[in-house]
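*Asks:* Once you've had a glance at the structure underneath, I'll fire off some questions.
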Amino acid sequence: MQATSIIQVENERVIVTQWCFAPGAETSYHVHAHDYIVVPLSTGTLRLEGATGVKESRLEVGASYANPAGIAHNVINANNHDFSFVEVELK
């Protein structure tokens with residue numbers, strides 16, 4: 001099952017996207033072209049499948065984090081409930 005995304009803002013400086021995941025939904029493998037910030041709208045666990053293996057990451061609503069461009073992974077909702085976050089990409 002595929003996660004859904006809605007671009008909320010896109011301009012010359014940022015791309016703001018809301019990601020929504022049903023239980024088990026995933027983004028598919030992708031590489032981030034920009035530095036980005038994630039703002040969780042839910043609390044729960046995401047499974048991250050990357051080149052170095054699989055890890056689970058616990059996110060708390062409102063506890064943002066940032067990553068540099070070049071991150072490559074598939075993101076999967078490991079919860080038995082819907083999960084969502086806002087991603088802010090810095091151009």
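By convention in this document, the chains of the structure tokens carry letters A, B, ... by their order, each chain's residues are numbered from 1, and ligands are numbered from 1 in the order they are shown.
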Fewer than 4 positions away in the same chain doesn't count, so skip those; otherwise give me all residues within 6 Å of Pro23 (chain A), counting only C-alpha atoms, as a PyMOL selection string.

*Replies:* chain A and resi 77+79-82

*Asks:* Considering only C-alpha atoms, return as a ChimeraX atom specification whatever protein or nucleic-acid residues lie within 12 Å of region 49-58 of chain A, sequence-local ones (same chain, fewer than 4 positions apart) excluded.

*Replies:* /A:26-31,40,42-45,63-65,70-79,83

*Asks:* If you run DSSP on the backbone here, which positions in chain A get strand (DSSP E or B)? Please write them as a ChimeraX atom specification.

*Replies:* /A:2,4-10,14-21,26,30-31,35-40,44-50,53-59,65-67,72-77,83-90

*Asks:* Write out as a JSON list (two decimals) with all heavy atoms, in the first residue's frame the residues lying within 9 Å of Trp19 (chain A), counting only C-alpha atoms and excluding same-chain residues fewer than 4 positions away.

*Replies:*
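The resulting result36.json:
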```json
[["chain", "number", "residue", "atom", "x", "y", "z"],
["A", 3, "ALA", "N", 1.78, 5.19, 0.65],
["A", 3, "ALA", "CA", 1.47, 6.40, 1.43],
["A", 3, "ALA", "C", 1.01, 7.48, 0.46],
["A", 3, "ALA", "O", 1.38, 7.48, -0.71],
["A", 3, "ALA", "CB", 2.69, 6.86, 2.21],
["A", 4, "THR", "N", 0.22, 8.43, 0.95],
["A", 4, "THR", "CA", -0.23, 9.53, 0.10],
["A", 4, "THR", "C", 0.45, 10.82, 0.52],
["A", 4, "THR", "O", 0.79, 11.01, 1.68],
["A", 4, "THR", "CB", -1.76, 9.70, 0.17],
["A", 4, "THR", "OG1", -2.14, 9.98, 1.52],
["A", 4, "THR", "CG2", -2.48, 8.47, -0.32],
["A", 5, "SER", "N", 0.66, 11.68, -0.46],
["A", 5, "SER", "CA", 1.31, 12.97, -0.17],
["A", 5, "SER", "C", 0.52, 14.08, -0.82],
["A", 5, "SER", "O", -0.04, 13.93, -1.90],
["A", 5, "SER", "CB", 2.74, 12.97, -0.69],
["A", 5, "SER", "OG", 2.77, 12.81, -2.09],
["A", 6, "ILE", "N", 0.49, 15.21, -0.11],
["A", 6, "ILE", "CA", -0.16, 16.42, -0.61],
["A", 6, "ILE", "C", 0.82, 17.58, -0.46],
["A", 6, "ILE", "O", 1.26, 17.87, 0.66],
["A", 6, "ILE", "CB", -1.45, 16.74, 0.19],
["A", 6, "ILE", "CG1", -2.44, 15.59, 0.07],
["A", 6, "ILE", "CG2", -2.06, 18.05, -0.28],
["A", 6, "ILE", "CD1", -3.60, 15.68, 1.04],
["A", 7, "ILE", "N", 1.21, 18.18, -1.58],
["A", 7, "ILE", "CA", 2.09, 19.35, -1.50],
["A", 7, "ILE", "C", 1.25, 20.54, -1.06],
["A", 7, "ILE", "O", 0.27, 20.90, -1.70],
["A", 7, "ILE", "CB", 2.78, 19.62, -2.84],
["A", 7, "ILE", "CG1", 3.72, 18.45, -3.17],
["A", 7, "ILE", "CG2", 3.55, 20.94, -2.80],
["A", 7, "ILE", "CD1", 4.41, 18.56, -4.51],
["A", 27, "THR", "N", 6.39, 4.71, 1.45],
["A", 27, "THR", "CA", 6.68, 5.75, 0.46],
["A", 27, "THR", "C", 7.23, 5.18, -0.83],
["A", 27, "THR", "O", 7.14, 5.81, -1.87],
["A", 27, "THR", "CB", 7.71, 6.76, 1.00],
["A", 27, "THR", "OG1", 8.91, 6.06, 1.33],
["A", 27, "THR", "CG2", 7.18, 7.51, 2.20],
["A", 83, "PHE", "N", -0.68, 7.22, 10.45],
["A", 83, "PHE", "CA", 0.44, 8.05, 10.88],
["A", 83, "PHE", "C", 0.63, 9.14, 9.83],
["A", 83, "PHE", "O", 0.48, 8.89, 8.63],
["A", 83, "PHE", "CB", 1.73, 7.23, 11.00],
["A", 83, "PHE", "CG", 2.83, 7.96, 11.70],
["A", 83, "PHE", "CD1", 3.00, 7.83, 13.06],
["A", 83, "PHE", "CD2", 3.67, 8.80, 11.01],
["A", 83, "PHE", "CE1", 4.00, 8.53, 13.73],
["A", 83, "PHE", "CE2", 4.67, 9.50, 11.66],
["A", 83, "PHE", "CZ", 4.83, 9.37, 13.01],
["A", 84, "SER", "N", 0.97, 10.36, 10.28],
["A", 84, "SER", "CA", 1.22, 11.44, 9.32],
["A", 84, "SER", "C", 2.30, 12.38, 9.83],
["A", 84, "SER", "O", 2.56, 12.47, 11.03],
["A", 84, "SER", "CB", -0.06, 12.21, 9.02],
["A", 84, "SER", "OG", -0.56, 12.82, 10.18],
["A", 85, "PHE", "N", 2.94, 13.04, 8.87],
["A", 85, "PHE", "CA", 3.93, 14.07, 9.20],
["A", 85, "PHE", "C", 3.98, 15.08, 8.08],
["A", 85, "PHE", "O", 3.52, 14.83, 6.97],
["A", 85, "PHE", "CB", 5.32, 13.48, 9.47],
["A", 85, "PHE", "CG", 5.95, 12.72, 8.34],
["A", 85, "PHE", "CD1", 6.60, 13.36, 7.31],
["A", 85, "PHE", "CD2", 5.93, 11.33, 8.34],
["A", 85, "PHE", "CE1", 7.21, 12.66, 6.28],
["A", 85, "PHE", "CE2", 6.53, 10.61, 7.31],
["A", 85, "PHE", "CZ", 7.17, 11.29, 6.27],
["A", 86, "VAL", "N", 4.53, 16.24, 8.40],
["A", 86, "VAL", "CA", 4.79, 17.27, 7.40],
["A", 86, "VAL", "C", 6.30, 17.29, 7.15],
["A", 86, "VAL", "O", 7.09, 17.28, 8.10],
["A", 86, "VAL", "CB", 4.31, 18.67, 7.87],
["A", 86, "VAL", "CG1", 4.78, 19.77, 6.93],
["A", 86, "VAL", "CG2", 2.79, 18.68, 7.98],
["A", 87, "GLU", "N", 6.66, 17.30, 5.89],
["A", 87, "GLU", "CA", 8.07, 17.36, 5.48],
["A", 87, "GLU", "C", 8.33, 18.70, 4.82],
["A", 87, "GLU", "O", 7.59, 19.10, 3.90],
["A", 87, "GLU", "CB", 8.35, 16.22, 4.49],
["A", 87, "GLU", "CG", 9.74, 16.20, 3.92],
["A", 87, "GLU", "CD", 9.86, 15.11, 2.89],
["A", 87, "GLU", "OE1", 9.43, 15.32, 1.74],
["A", 87, "GLU", "OE2", 10.34, 14.03, 3.26]]
```

*Asks:* Would you mind reading off the distance between CA of Gln8 (chain A) and CA of Cys20 (chain A), one decimal, in Å?

*Replies:*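 One can read the CA of Gln8 (chain A) to CA of Cys20 (chain A) distance as 13.0 Å.
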
*Asks:* Leaving out region 9-11 of chain A and any residue of its chain fewer than 5 positions from it, which residues lie within 12 Å of it when counting only C-alpha atoms, given as JSON, numbers by chain?

*Replies:* {"A": [16, 17, 18, 86, 87, 88, 89, 90, 91]}

*Asks:* How far is it from CA of Ala69 (chain A) to CA of His32 (chain A), in Å with one decimal?

*Replies:*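 Separation of CA of Ala69 (chain A) and CA of His32 (chain A): 5.3 Å.
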
*Asks:* So how far away is CA of Gly62 (chain A) from CA of Ile37 (chain A), in Å?

*Replies:*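 Going from CA of Ile37 (chain A) over to CA of Gly62 (chain A) covers 11.7 Å.
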